[in-house]
>>> print(open('input28.txt').read())   # compact mmCIF, C-alpha atoms and all ligand atoms
# COMPACT_ATOMS: atom_id res chain seq x y z
CA MET A 1 139.56 149.33 146.76
CA SER A 2 142.88 147.73 145.71
CA GLY A 3 143.57 146.36 142.29
CA PRO A 4 145.69 146.74 139.20
CA GLN A 5 146.53 150.29 138.22
CA HIS A 6 146.23 151.39 134.65
CA PRO A 7 149.62 152.81 133.61
CA ALA A 8 149.76 156.49 132.80
CA ASP A 9 151.33 155.83 129.38
CA GLY A 10 148.15 154.19 128.21
CA THR A 11 149.46 150.58 128.02
CA PRO A 12 147.31 147.89 129.59
CA GLY A 13 147.98 147.11 133.28
CA GLU A 14 148.67 143.70 134.81
CA VAL A 15 146.20 141.47 136.57
CA ASP A 16 146.64 138.38 138.72
CA LEU A 17 144.45 135.96 136.80
CA ASP A 18 144.37 133.43 139.64
CA GLU A 19 143.01 136.07 141.98
CA PHE A 20 140.65 137.27 139.26
CA ARG A 21 139.24 133.81 138.56
CA GLY A 22 138.70 133.19 142.27
CA SER A 23 136.72 136.41 142.78
CA ASP A 24 132.98 136.94 142.66
CA VAL A 25 131.40 138.83 139.74
CA GLU A 26 131.35 142.17 141.57
CA ARG A 27 135.05 141.98 142.43
CA GLN A 28 135.86 140.79 138.91
CA THR A 29 134.09 143.86 137.59
CA GLU A 30 136.15 146.12 139.85
CA ILE A 31 139.40 144.51 138.73
CA ALA A 32 138.37 144.63 135.09
CA THR A 33 137.30 148.27 135.13
CA GLU A 34 140.46 149.40 136.96
CA LEU A 35 142.63 147.44 134.56
CA ASP A 36 140.99 149.20 131.68
CA GLY A 37 141.35 152.64 133.22
CA VAL A 38 137.66 152.82 134.07
CA THR A 39 136.50 154.38 137.32
CA ILE A 40 133.01 153.69 138.60
CA LEU A 41 131.83 156.99 140.05
CA HIS A 42 128.43 155.86 141.10
CA ARG A 43 126.53 152.57 141.07
CA ARG A 44 123.07 151.96 142.50
CA GLU A 45 120.70 149.04 142.32
CA ARG A 46 117.23 150.23 141.32
CA PHE A 47 115.69 147.69 143.64
CA PRO A 48 118.18 146.66 146.37
CA VAL A 49 115.51 144.36 147.82
CA PRO A 50 114.34 142.07 145.03
CA GLY A 51 110.69 141.21 144.57
CA THR A 52 109.09 144.39 145.90
CA LYS A 53 105.76 145.61 144.55
CA ALA A 54 107.46 148.53 142.86
CA GLU A 55 109.88 146.23 141.08
CA ARG A 56 107.10 143.96 139.89
CA ARG A 57 105.17 146.99 138.66
CA ALA A 58 108.19 148.16 136.66
CA GLU A 59 108.67 144.67 135.31
CA ARG A 60 105.05 144.47 134.22
CA ALA A 61 105.31 147.84 132.44
CA VAL A 62 108.30 146.63 130.44
CA ALA A 63 106.64 143.28 129.71
CA ALA A 64 103.47 145.08 128.54
CA CYS A 65 105.51 147.01 125.99
CA PHE A 66 107.08 143.82 124.64
CA VAL A 67 103.66 142.17 124.46
CA MET A 68 102.42 145.22 122.55
CA ALA A 69 105.32 144.72 120.13
CA PHE A 70 104.26 141.11 119.70
CA LEU A 71 100.59 141.96 119.14
CA GLY A 72 101.53 144.64 116.61
CA ALA A 73 103.61 142.12 114.67
CA LEU A 74 100.85 139.52 114.93
CA ALA A 75 98.31 142.00 113.53
CA PHE A 76 100.82 142.91 110.80
CA THR A 77 101.15 139.24 109.82
CA VAL A 78 97.40 138.55 109.85
CA PHE A 79 96.47 141.67 107.89
CA TYR A 80 99.31 141.05 105.45
CA ILE A 81 97.69 137.71 104.63
CA VAL A 82 93.97 138.59 104.70
CA LEU A 83 93.63 142.18 103.51
CA PRO A 84 93.00 142.68 99.78
CA TRP A 85 95.91 144.50 98.19
CA GLN A 86 95.29 144.27 94.46
CA TYR A 87 93.99 147.33 92.65
CA ASP A 88 90.27 146.90 92.02
CA ILE A 89 88.29 149.80 90.65
CA SER A 90 84.99 148.31 91.88
CA ASN A 91 86.15 147.53 95.44
CA LYS A 92 88.22 150.13 97.20
CA ASP A 93 89.13 147.95 100.22
CA TYR A 94 92.65 147.56 98.86
CA VAL A 95 93.34 151.20 99.86
CA TRP A 96 93.62 150.05 103.50
CA PHE A 97 96.45 147.62 102.89
CA THR A 98 99.42 150.00 103.05
CA PRO A 99 98.15 152.16 105.96
CA VAL A 100 97.31 149.08 108.02
CA MET A 101 100.75 147.58 107.34
CA GLY A 102 102.38 150.85 108.40
CA VAL A 103 100.32 151.31 111.56
CA THR A 104 100.76 147.73 112.83
CA MET A 105 104.49 147.81 112.12
CA ALA A 106 104.76 151.16 113.92
CA ILE A 107 102.91 149.75 116.96
CA SER A 108 105.29 146.79 117.06
CA LEU A 109 108.49 148.83 116.73
CA PHE A 110 107.18 151.43 119.18
CA GLY A 111 106.41 148.72 121.76
CA PHE A 112 109.84 147.20 121.41
CA GLY A 113 111.61 150.56 121.58
CA VAL A 114 109.68 151.86 124.58
CA GLY A 115 110.12 148.50 126.33
CA ALA A 116 113.90 148.66 125.88
CA VAL A 117 114.06 152.26 127.15
CA LEU A 118 111.84 151.53 130.16
CA TRP A 119 113.95 148.50 131.01
CA ALA A 120 117.09 150.65 131.03
CA LYS A 121 115.43 153.43 133.03
CA LEU A 122 113.49 151.36 135.55
CA LEU A 123 115.31 148.07 136.08
CA ILE A 124 118.95 148.06 134.99
CA THR A 125 121.45 149.04 137.70
CA GLU A 126 122.20 152.75 137.56
CA GLU A 127 125.90 153.33 136.96
CA GLU A 128 128.16 156.21 136.04
CA THR A 129 131.73 155.57 134.90
CA VAL A 130 134.61 157.42 133.30
CA GLN A 131 137.36 155.86 131.20
CA GLU A 132 140.70 157.16 129.98
CA ARG A 133 141.43 156.67 126.33
CA HIS A 134 144.29 154.38 125.35
CA SER A 135 145.41 152.73 122.16
CA GLY A 136 146.94 149.41 121.17
CA ARG A 137 145.72 145.82 120.97
CA SER A 138 144.10 144.37 124.07
CA THR A 139 146.05 141.74 126.04
CA ALA A 140 144.66 138.30 126.80
CA ALA A 141 143.94 139.51 130.32
CA ASN A 142 142.06 142.50 128.94
CA ARG A 143 139.93 140.29 126.80
CA GLU A 144 139.12 137.94 129.65
CA THR A 145 138.28 140.75 131.99
CA THR A 146 136.15 142.43 129.34
CA THR A 147 134.16 139.22 129.16
CA ALA A 148 133.59 139.54 132.89
CA ILE A 149 132.37 143.12 132.46
CA LEU A 150 129.95 142.01 129.80
CA ALA A 151 128.71 139.22 132.06
CA ASP A 152 128.22 141.79 134.80
CA GLY A 153 126.36 144.04 132.38
CA ILE A 154 123.99 141.23 131.50
CA GLY A 155 123.60 140.53 135.20
CA MET A 156 122.65 144.16 135.80
CA THR A 157 119.76 143.87 133.39
CA GLY A 158 118.23 141.39 135.83
CA ILE A 159 117.17 139.19 132.91
CA ALA A 160 118.33 135.99 134.64
CA ARG A 161 115.92 136.36 137.54
CA ARG A 162 113.04 138.01 135.68
CA SER A 163 111.16 135.22 133.97
CA LEU A 164 108.26 137.49 132.95
CA LEU A 165 110.66 139.73 131.07
CA GLN A 166 112.43 136.75 129.52
CA ARG A 167 109.13 135.59 128.06
CA ALA A 168 108.04 139.08 127.00
CA LEU A 169 111.41 139.78 125.40
CA GLY A 170 111.24 136.44 123.59
CA LEU A 171 107.80 137.38 122.25
CA SER A 172 108.95 140.77 121.04
CA GLY A 173 112.04 139.17 119.46
CA LEU A 174 109.67 136.89 117.60
CA ALA A 175 107.69 139.95 116.62
CA LEU A 176 110.72 141.70 115.17
CA GLY A 177 111.64 138.56 113.25
CA ALA A 178 108.11 138.34 111.86
CA LEU A 179 108.18 141.97 110.72
CA ALA A 180 111.30 141.23 108.69
CA ILE A 181 110.30 137.82 107.35
CA VAL A 182 106.53 138.01 106.67
CA PRO A 183 106.76 140.53 103.80
CA LEU A 184 109.12 138.13 102.03
CA GLY A 185 106.07 135.86 101.63
CA GLY A 186 105.03 138.03 98.69
CA LEU A 187 108.11 136.83 96.82
CA ILE A 188 107.34 133.13 97.15
CA LYS A 189 104.96 132.95 94.18
CA LYS A 190 106.88 133.41 90.99
CA PRO A 191 104.93 135.31 88.34
CA LYS A 192 104.12 133.17 85.34
CA GLY A 193 102.85 134.87 82.21
CA GLU A 194 100.97 137.62 84.07
CA LEU A 195 103.60 140.20 83.27
CA PHE A 196 103.31 139.55 79.55
CA ARG A 197 99.51 139.36 79.16
CA THR A 198 96.85 142.02 79.37
CA GLY A 199 93.05 142.02 79.18
CA TRP A 200 93.10 142.54 75.41
CA SER A 201 92.52 139.80 72.87
CA GLN A 202 90.89 139.46 69.47
CA GLY A 203 87.39 140.98 69.35
CA VAL A 204 87.48 142.64 72.79
CA ARG A 205 85.73 145.98 72.51
CA LEU A 206 87.09 149.25 73.79
CA MET A 207 85.10 150.94 76.58
CA THR A 208 85.48 154.00 78.78
CA ALA A 209 85.67 153.90 82.60
CA ASP A 210 81.87 154.39 82.72
CA ARG A 211 81.49 151.27 80.51
CA ARG A 212 80.55 153.14 77.34
CA LEU A 213 81.58 151.39 74.13
CA ILE A 214 83.35 153.53 71.55
CA ARG A 215 82.42 154.08 67.92
CA PRO A 216 84.53 155.94 65.35
CA GLY A 217 82.30 159.03 65.49
CA ASP A 218 82.64 159.44 69.25
CA LEU A 219 85.94 161.37 69.29
CA GLU A 220 86.62 164.79 67.81
CA ALA A 221 89.69 165.08 65.59
CA GLY A 222 92.73 165.77 67.80
CA SER A 223 91.15 164.34 70.96
CA ILE A 224 91.96 161.34 73.12
CA ALA A 225 90.08 158.87 75.34
CA THR A 226 91.23 156.48 78.03
CA VAL A 227 89.79 153.04 77.31
CA PHE A 228 89.72 149.58 78.92
CA PRO A 229 88.84 146.09 77.68
CA ALA A 230 85.03 145.69 77.64
CA THR A 231 85.16 142.39 79.53
CA PRO A 232 83.42 141.57 82.84
CA ASP A 233 86.68 142.15 84.74
CA GLY A 234 87.94 144.85 82.38
CA LEU A 235 87.75 147.44 85.16
CA THR A 236 88.95 145.24 88.00
CA THR A 237 92.12 143.80 89.51
CA GLN A 238 95.38 143.76 87.61
CA VAL A 239 93.67 143.77 84.24
CA VAL A 240 93.09 147.52 84.48
CA ALA A 241 96.65 148.26 85.53
CA ASP A 242 98.07 146.43 82.54
CA SER A 243 95.46 147.14 79.90
CA VAL A 244 94.71 150.81 80.09
CA VAL A 245 94.97 152.32 76.62
CA LEU A 246 94.93 155.80 75.15
CA LEU A 247 92.78 156.00 72.04
CA VAL A 248 93.89 158.94 69.89
CA ARG A 249 92.17 160.54 66.92
CA LEU A 250 94.66 162.43 64.79
CA ARG A 251 93.99 165.87 63.37
CA PRO A 252 93.33 166.17 59.63
CA GLY A 253 96.61 166.11 57.73
CA GLN A 254 98.58 164.35 60.49
CA THR A 255 100.22 161.11 59.41
CA VAL A 256 102.16 158.51 61.34
CA ARG A 257 105.34 156.70 60.35
CA ALA A 258 104.42 153.26 61.61
CA ARG A 259 106.91 150.82 63.13
CA ALA A 260 107.93 147.81 61.07
CA GLY A 261 105.14 145.23 60.97
CA GLN A 262 102.61 147.59 62.62
CA ALA A 263 101.37 149.57 59.62
CA ASP A 264 97.85 148.14 59.96
CA PHE A 265 97.58 148.52 63.74
CA GLY A 266 95.59 151.77 63.50
CA TRP A 267 92.10 152.31 62.07
CA GLU A 268 91.79 155.26 59.67
CA ASP A 269 92.82 158.28 61.80
CA TYR A 270 92.60 156.38 65.10
CA LEU A 271 95.57 154.90 67.01
CA ALA A 272 95.67 153.08 70.34
CA TYR A 273 98.72 153.04 72.62
CA SER A 274 99.40 151.67 76.06
CA LYS A 275 98.95 154.54 78.51
CA ILE A 276 101.63 153.16 80.83
CA CYS A 277 104.89 155.05 80.49
CA THR A 278 107.81 152.82 79.52
CA HIS A 279 110.08 154.65 81.96
CA ALA A 280 108.56 153.98 85.38
CA GLY A 281 104.91 153.20 84.71
CA CYS A 282 103.13 156.52 85.25
CA PRO A 283 100.08 157.26 83.08
CA ALA A 284 101.29 159.21 80.05
CA SER A 285 98.26 161.29 79.17
CA LEU A 286 99.09 164.95 78.58
CA TYR A 287 98.43 165.21 74.87
CA GLU A 288 99.37 168.16 72.75
CA GLN A 289 97.25 167.77 69.66
CA GLN A 290 99.07 170.33 67.44
CA THR A 291 102.43 168.56 67.74
CA GLY A 292 101.11 165.07 68.35
CA ARG A 293 103.28 164.72 71.46
CA LEU A 294 102.26 162.86 74.56
CA LEU A 295 103.88 163.95 77.82
CA CYS A 296 104.35 161.80 80.90
CA PRO A 297 104.00 164.12 83.92
CA CYS A 298 106.22 162.07 86.23
CA HIS A 299 109.66 162.69 84.69
CA GLN A 300 108.75 164.63 81.58
CA SER A 301 109.27 161.91 78.98
CA GLN A 302 107.72 162.87 75.65
CA PHE A 303 106.44 160.42 73.06
CA ASP A 304 105.93 161.59 69.49
CA LEU A 305 102.78 159.89 68.25
CA LEU A 306 103.55 161.01 64.68
CA GLN A 307 106.65 158.80 64.97
CA ASP A 308 104.52 155.99 66.39
CA ALA A 309 105.03 156.96 70.06
CA LYS A 310 108.81 157.05 69.85
CA PRO A 311 110.37 158.64 72.96
CA VAL A 312 111.89 161.97 71.90
CA PHE A 313 112.65 163.53 75.28
CA GLY A 314 113.22 162.41 78.87
CA PRO A 315 114.24 159.13 80.47
CA ALA A 316 111.86 156.71 78.69
CA ALA A 317 113.82 154.48 76.31
CA ARG A 318 111.13 152.45 74.54
CA PRO A 319 108.14 153.57 72.43
CA LEU A 320 104.70 153.08 73.95
CA PRO A 321 103.38 149.64 72.91
CA LYS A 322 100.69 149.90 70.25
CA LEU A 323 97.38 148.04 70.32
CA ALA A 324 96.08 146.79 66.97
CA ILE A 325 92.46 147.95 66.57
CA THR A 326 89.66 147.71 64.04
CA VAL A 327 85.87 148.19 63.96
CA ASP A 328 83.51 145.22 64.32
CA ASP A 329 80.31 144.45 62.43
CA GLU A 330 78.25 146.53 64.86
CA GLY A 331 80.48 149.56 64.41
CA TYR A 332 82.39 149.42 67.72
CA PHE A 333 86.14 149.59 68.13
CA VAL A 334 87.69 146.21 69.01
CA ALA A 335 91.21 144.94 69.56
CA LYS A 336 92.66 142.66 66.90
CA LYS A 337 94.85 140.87 69.49
CA ASP A 338 96.84 141.49 72.68
CA PHE A 339 99.86 143.82 72.61
CA ASP A 340 102.85 142.47 70.72
CA GLU A 341 105.27 144.15 73.12
CA PRO A 342 105.70 144.16 76.90
CA ILE A 343 103.75 146.83 78.75
CA GLY A 344 105.18 149.40 81.11
CA PRO A 345 108.63 149.97 82.54
CA SER A 346 111.63 147.79 81.92
CA PHE A 347 112.54 145.12 84.45
CA TRP A 348 115.05 142.31 84.76
CA GLU A 349 113.71 140.17 81.91
CA ARG A 350 112.89 143.05 79.66
CA PRO A 351 115.06 145.47 77.68
S1 LIG B 401 107.35 157.43 84.47
FE1 LIG B 401 107.05 158.54 82.68
S2 LIG B 401 108.80 159.71 82.52
FE2 LIG B 401 109.15 158.55 84.29
>>> encode(input="input28.txt", output="structure tokens", more="lines below")
Ligand code: FES
Amino acid sequence: MSGPQHPADGTPGEVDLDEFRGSDVERQTEIATELDGVTILHRRERFPVPGTKAERRAERAVAACFVMAFLGALAFTVFYIVLPWQYDISNKDYVWFTPVMGVTMAISLFGFGVGAVLWAKLLITEEETVQERHSGRSTAANRETTTAILADGIGMTGIARRSLLQRALGLSGLALGALAIVPLGGLIKKPKGELFRTGWSQGVRLMTADRRLIRPGDLEAGSIATVFPATPDGLTTQVVADSVVLLVRLRPGQTVRARAGQADFGWEDYLAYSKICTHAGCPASLYEQQTGRLLCPCHQSQFDLLQDAKPVFGPAARPLPKLAITVDDEGYFVAKKDFDEPIGPSFWERP
């Protein structure tokens, strides 16, 4: 094999571009690799005779993997659209949403990855090369010859003459695109007032998770109860997530310094606070009745109920929102109105 020699000092060698341009791809590759100090030690076509049964079998295996990637992404897209995902205490189907998304995405990525590996192992020309290291900017000739090497590399994949693989690869490319784009669909609908409303409004009674309405005599002094709006959907969908409230009965002698404008939000020794931690939204429900402190187990924020749920320890920065309550004519606890303050953790529109 004759061709340009790569100088020992590491500078790029010379190449006769006229000769280079007049050569076939294989010869161009030889010239280019020698110019760049690359020696091909070993090069072998996987299938020297194109179109054999073995080659078609290998091609079909690779194509099957790409089709699997496509089907995984298709299932991901369909399930993303049709599966229920909203929390609903009366219908647990939403629990399948995340696992199904994960499994279908895994199938798609696995198919694409295995397809790419099989293609390299079974179909692409086997080649072993060594290259000396050199520094400095590439010459124009280097750049042109590198282009030829890349063209040869693409040629070695056999993609140009394998229409089945072209189609399968196109499908799996579509699949990968879908995996990235479909979840963005959830961002299309801009929330309106949902983030600022809960299931509470004037006259809505307080009930437990087993739909028991609450009267003042139901709680011992110093105890708490988790309550929801006693409406038909009070235990379903997003209403629960936003509306869950901790009803607290103070111990005798405990008093609360109420926030400005909220002095009449409690009823006798009862107070009602949002149970959703203002740090990151965990349920704050570990109540220490002697001190009147409520602990959020996630990051140890503490809210002092005797200071009207002011955060006194940990990362939470806002007090727990307080629900104004009273007792109706039939003796049941009811809300006077919805919360005055936003519920849960801070976000971009909220302090
Ligand atoms: S979510 Fe409550 S302290 Fe972080």
>>> closest_atom_pairs(input="input28.txt", of="chain A", to="ligand LIG 401 (chain B)", cutoff="7 Å", atoms="all atoms listed in the file", output="Markdown table")
| residue | atom | partner | partner_atom | distance |
| --- | --- | --- | --- | --- |
| A:Cys277 | CA | B:LIG401 | FE1 | 4.7 |
| A:Thr278 | CA | B:LIG401 | FE1 | 6.6 |
| A:His279 | CA | B:LIG401 | S1 | 4.6 |
| A:Ala280 | CA | B:LIG401 | S1 | 3.8 |
| A:Gly281 | CA | B:LIG401 | S1 | 4.9 |
| A:Cys282 | CA | B:LIG401 | S1 | 4.4 |
| A:Ala284 | CA | B:LIG401 | FE1 | 6.4 |
| A:Cys296 | CA | B:LIG401 | FE1 | 4.6 |
| A:Pro297 | CA | B:LIG401 | FE1 | 6.5 |
| A:Cys298 | CA | B:LIG401 | FE2 | 5.0 |
| A:His299 | CA | B:LIG401 | S2 | 3.8 |
| A:Gln300 | CA | B:LIG401 | S2 | 5.0 |
| A:Ser301 | CA | B:LIG401 | S2 | 4.2 |
| A:Gly314 | CA | B:LIG401 | S2 | 6.3 |
| A:Pro315 | CA | B:LIG401 | S2 | 5.8 |
| A:Ala316 | CA | B:LIG401 | S2 | 5.7 |
>>> residues_around(input="input28.txt", residues="Asp304 of chain A", least_positions_apart="4", cutoff="10 Å", atoms="all atoms listed in the file", output="list in words")
Val256, Tyr287, Glu288, Thr291, Gly292, Arg293, Leu294, Leu295, Asp308, Ala309, Lys310, Pro311, Val312, Phe313, Pro319 and Leu320 of chain A
>>> write_last_selection(input="input28.txt", atoms="C-alpha atoms", output="compact mmCIF listing (two decimals), in the frame of the given file")
# COMPACT_ATOMS: atom_id res chain seq x y z
CA VAL A 256 102.16 158.51 61.34
CA TYR A 287 98.43 165.21 74.87
CA GLU A 288 99.37 168.16 72.75
CA THR A 291 102.43 168.56 67.74
CA GLY A 292 101.11 165.07 68.35
CA ARG A 293 103.28 164.72 71.46
CA LEU A 294 102.26 162.86 74.56
CA LEU A 295 103.88 163.95 77.82
CA ASP A 308 104.52 155.99 66.39
CA ALA A 309 105.03 156.96 70.06
CA LYS A 310 108.81 157.05 69.85
CA PRO A 311 110.37 158.64 72.96
CA VAL A 312 111.89 161.97 71.90
CA PHE A 313 112.65 163.53 75.28
CA PRO A 319 108.14 153.57 72.43
CA LEU A 320 104.70 153.08 73.95
>>> closest_residue(input="input28.txt", among="A:Thr147, A:Tyr94, A:Phe333, A:Ala116", to="Ala69 of chain A", atoms="only C-alpha atoms")
A:Ala116
>>> residues_around(input="input28.txt", residues="Asp210 of chain A", least_positions_apart="6", cutoff="10 Å", atoms="all atoms listed in the file", output="compact mmCIF listing (two decimals) with C-alpha atoms, keeping the file's coordinate frame")
# COMPACT_ATOMS: atom_id res chain seq x y z
CA VAL A 227 89.79 153.04 77.31
CA PHE A 228 89.72 149.58 78.92
CA LEU A 235 87.75 147.44 85.16
>>> residues_around(input="input28.txt", residues="Ser243 of chain A", least_positions_apart="6", cutoff="7 Å", atoms="only C-alpha atoms", output="PyMOL selection string")
chain A and resi 198-200+228
>>> closest_residue(input="input28.txt", among="A:Ala168, A:Thr39, A:Thr125, A:Pro183", to="Phe76 of chain A", atoms="all atoms listed in the file")
A:Pro183
>>> closest_residue(input="input28.txt", among="A:Glu59, A:Gly173, A:Phe196, A:Gly203", to="Ser346 of chain A", atoms="all atoms listed in the file")
A:Phe196
>>> atom_distance(input="input28.txt", atom1="atom CA of Leu179 of chain A", atom2="atom CA of Ala73 of chain A")
6.0 Å
>>> closest_residue(input="input28.txt", among="A:Thr145, A:Gln290, A:Gln262, A:Ser163", to="Arg56 of chain A", atoms="all atoms listed in the file")
A:Ser163
>>> atom_distance(input="input28.txt", atom1="atom CA of Ile224 of chain A", atom2="atom CA of Phe303 of chain A")
14.5 Å
>>> atom_distance(input="input28.txt", atom1="atom CA of Leu171 of chain A", atom2="atom CA of Leu109 of chain A")
12.7 Å
>>> axis_aligned_box(input="input28.txt", around="segment 123-126 of chain A", padding_each_side="8 Å", output="AutoDock Vina command-line options")
--center_x 118.8 --center_y 150.4 --center_z 136.3 --size_x 22.9 --size_y 20.7 --size_z 18.7
>>> residues_around(input="input28.txt", residues="Lys337 of chain A", least_positions_apart="4", cutoff="12 Å", atoms="all atoms listed in the file", output="JSON list (two decimals) with C-alpha atoms, keeping the file's coordinate frame")
[["chain", "number", "residue", "atom", "x", "y", "z"],
["A", 197, "ARG", "CA", 99.51, 139.36, 79.16],
["A", 198, "THR", "CA", 96.85, 142.02, 79.37],
["A", 199, "GLY", "CA", 93.05, 142.02, 79.18],
["A", 200, "TRP", "CA", 93.10, 142.54, 75.41],
["A", 201, "SER", "CA", 92.52, 139.80, 72.87],
["A", 202, "GLN", "CA", 90.89, 139.46, 69.47],
["A", 203, "GLY", "CA", 87.39, 140.98, 69.35],
["A", 204, "VAL", "CA", 87.48, 142.64, 72.79],
["A", 205, "ARG", "CA", 85.73, 145.98, 72.51],
["A", 229, "PRO", "CA", 88.84, 146.09, 77.68],
["A", 265, "PHE", "CA", 97.58, 148.52, 63.74],
["A", 322, "LYS", "CA", 100.69, 149.90, 70.25],
["A", 323, "LEU", "CA", 97.38, 148.04, 70.32],
["A", 324, "ALA", "CA", 96.08, 146.79, 66.97],
["A", 325, "ILE", "CA", 92.46, 147.95, 66.57],
["A", 326, "THR", "CA", 89.66, 147.71, 64.04],
["A", 341, "GLU", "CA", 105.27, 144.15, 73.12]]
>>> closest_residue(input="input28.txt", among="A:Gly261, A:Gly234, A:Gly344, A:Gly102", to="Pro283 of chain A", atoms="only C-alpha atoms")
A:Gly344
>>> closest_residue(input="input28.txt", among="A:Leu176, A:Leu164, A:Leu306, A:Val49", to="Phe70 of chain A", atoms="all atoms listed in the file")
A:Leu176
>>> residues_around(input="input28.txt", residues="segment 250-253 of chain A", least_positions_apart="5", cutoff="8 Å", atoms="only C-alpha atoms", output="list in words")
Ala221, Gly222, Ser223, Asp269, Tyr270, Leu271, Gln289, Gln290 and Gly292 of chain A
>>> decode(input="input28.txt", residues="segment 189-233 of chain A", atoms="C-alpha atoms", output="mmCIF file, in the first residue's frame")
data_model
loop_
_atom_site.group_PDB
_atom_site.id
_atom_site.type_symbol
_atom_site.label_atom_id
_atom_site.label_comp_id
_atom_site.auth_asym_id
_atom_site.auth_seq_id
_atom_site.Cartn_x
_atom_site.Cartn_y
_atom_site.Cartn_z
ATOM 1 C CA LYS A 189 -53.174 23.194 29.411
ATOM 2 C CA LYS A 190 -52.436 26.167 31.581
ATOM 3 C CA PRO A 191 -53.949 25.879 35.060
ATOM 4 C CA LYS A 192 -56.632 28.455 35.674
ATOM 5 C CA GLY A 193 -57.849 28.971 39.217
ATOM 6 C CA GLU A 194 -57.398 25.326 40.257
ATOM 7 C CA LEU A 195 -54.269 26.090 42.214
ATOM 8 C CA PHE A 196 -56.042 28.702 44.301
ATOM 9 C CA ARG A 197 -59.328 26.899 45.058
ATOM 10 C CA THR A 198 -60.098 23.941 47.275
ATOM 11 C CA GLY A 199 -63.221 21.913 48.027
ATOM 12 C CA TRP A 200 -64.155 24.182 50.940
ATOM 13 C CA SER A 201 -66.808 26.872 50.780
ATOM 14 C CA GLN A 202 -69.401 28.366 53.097
ATOM 15 C CA GLY A 203 -71.513 25.721 54.850
ATOM 16 C CA VAL A 204 -69.503 22.676 53.708
ATOM 17 C CA ARG A 205 -69.365 20.231 56.589
ATOM 18 C CA LEU A 206 -66.235 18.559 57.855
ATOM 19 C CA MET A 207 -66.098 14.755 57.515
ATOM 20 C CA THR A 208 -63.566 12.008 58.172
ATOM 21 C CA ALA A 209 -62.211 9.640 55.492
ATOM 22 C CA ASP A 210 -65.000 7.170 56.388
ATOM 23 C CA ARG A 211 -67.562 9.943 55.697
ATOM 24 C CA ARG A 212 -68.435 10.590 59.340
ATOM 25 C CA LEU A 213 -69.519 14.156 60.069
ATOM 26 C CA ILE A 214 -67.879 15.813 63.061
ATOM 27 C CA ARG A 215 -69.540 17.422 66.063
ATOM 28 C CA PRO A 216 -67.765 19.403 68.782
ATOM 29 C CA GLY A 217 -68.005 16.533 71.281
ATOM 30 C CA ASP A 218 -66.294 14.041 68.978
ATOM 31 C CA LEU A 219 -62.673 14.939 69.793
ATOM 32 C CA GLU A 220 -60.925 14.629 73.140
ATOM 33 C CA ALA A 221 -59.025 17.697 74.345
ATOM 34 C CA GLY A 222 -55.512 17.622 72.842
ATOM 35 C CA SER A 223 -56.461 15.332 69.951
ATOM 36 C CA ILE A 224 -56.579 15.834 66.193
ATOM 37 C CA ALA A 225 -58.582 14.507 63.231
ATOM 38 C CA THR A 226 -57.958 14.554 59.508
ATOM 39 C CA VAL A 227 -61.037 15.897 57.757
ATOM 40 C CA PHE A 228 -62.282 16.494 54.194
ATOM 41 C CA PRO A 229 -65.107 18.523 52.665
ATOM 42 C CA ALA A 230 -68.389 16.588 53.035
ATOM 43 C CA THR A 231 -69.291 17.026 49.363
ATOM 44 C CA PRO A 232 -70.013 14.250 46.828
ATOM 45 C CA ASP A 233 -66.486 14.559 45.426
#
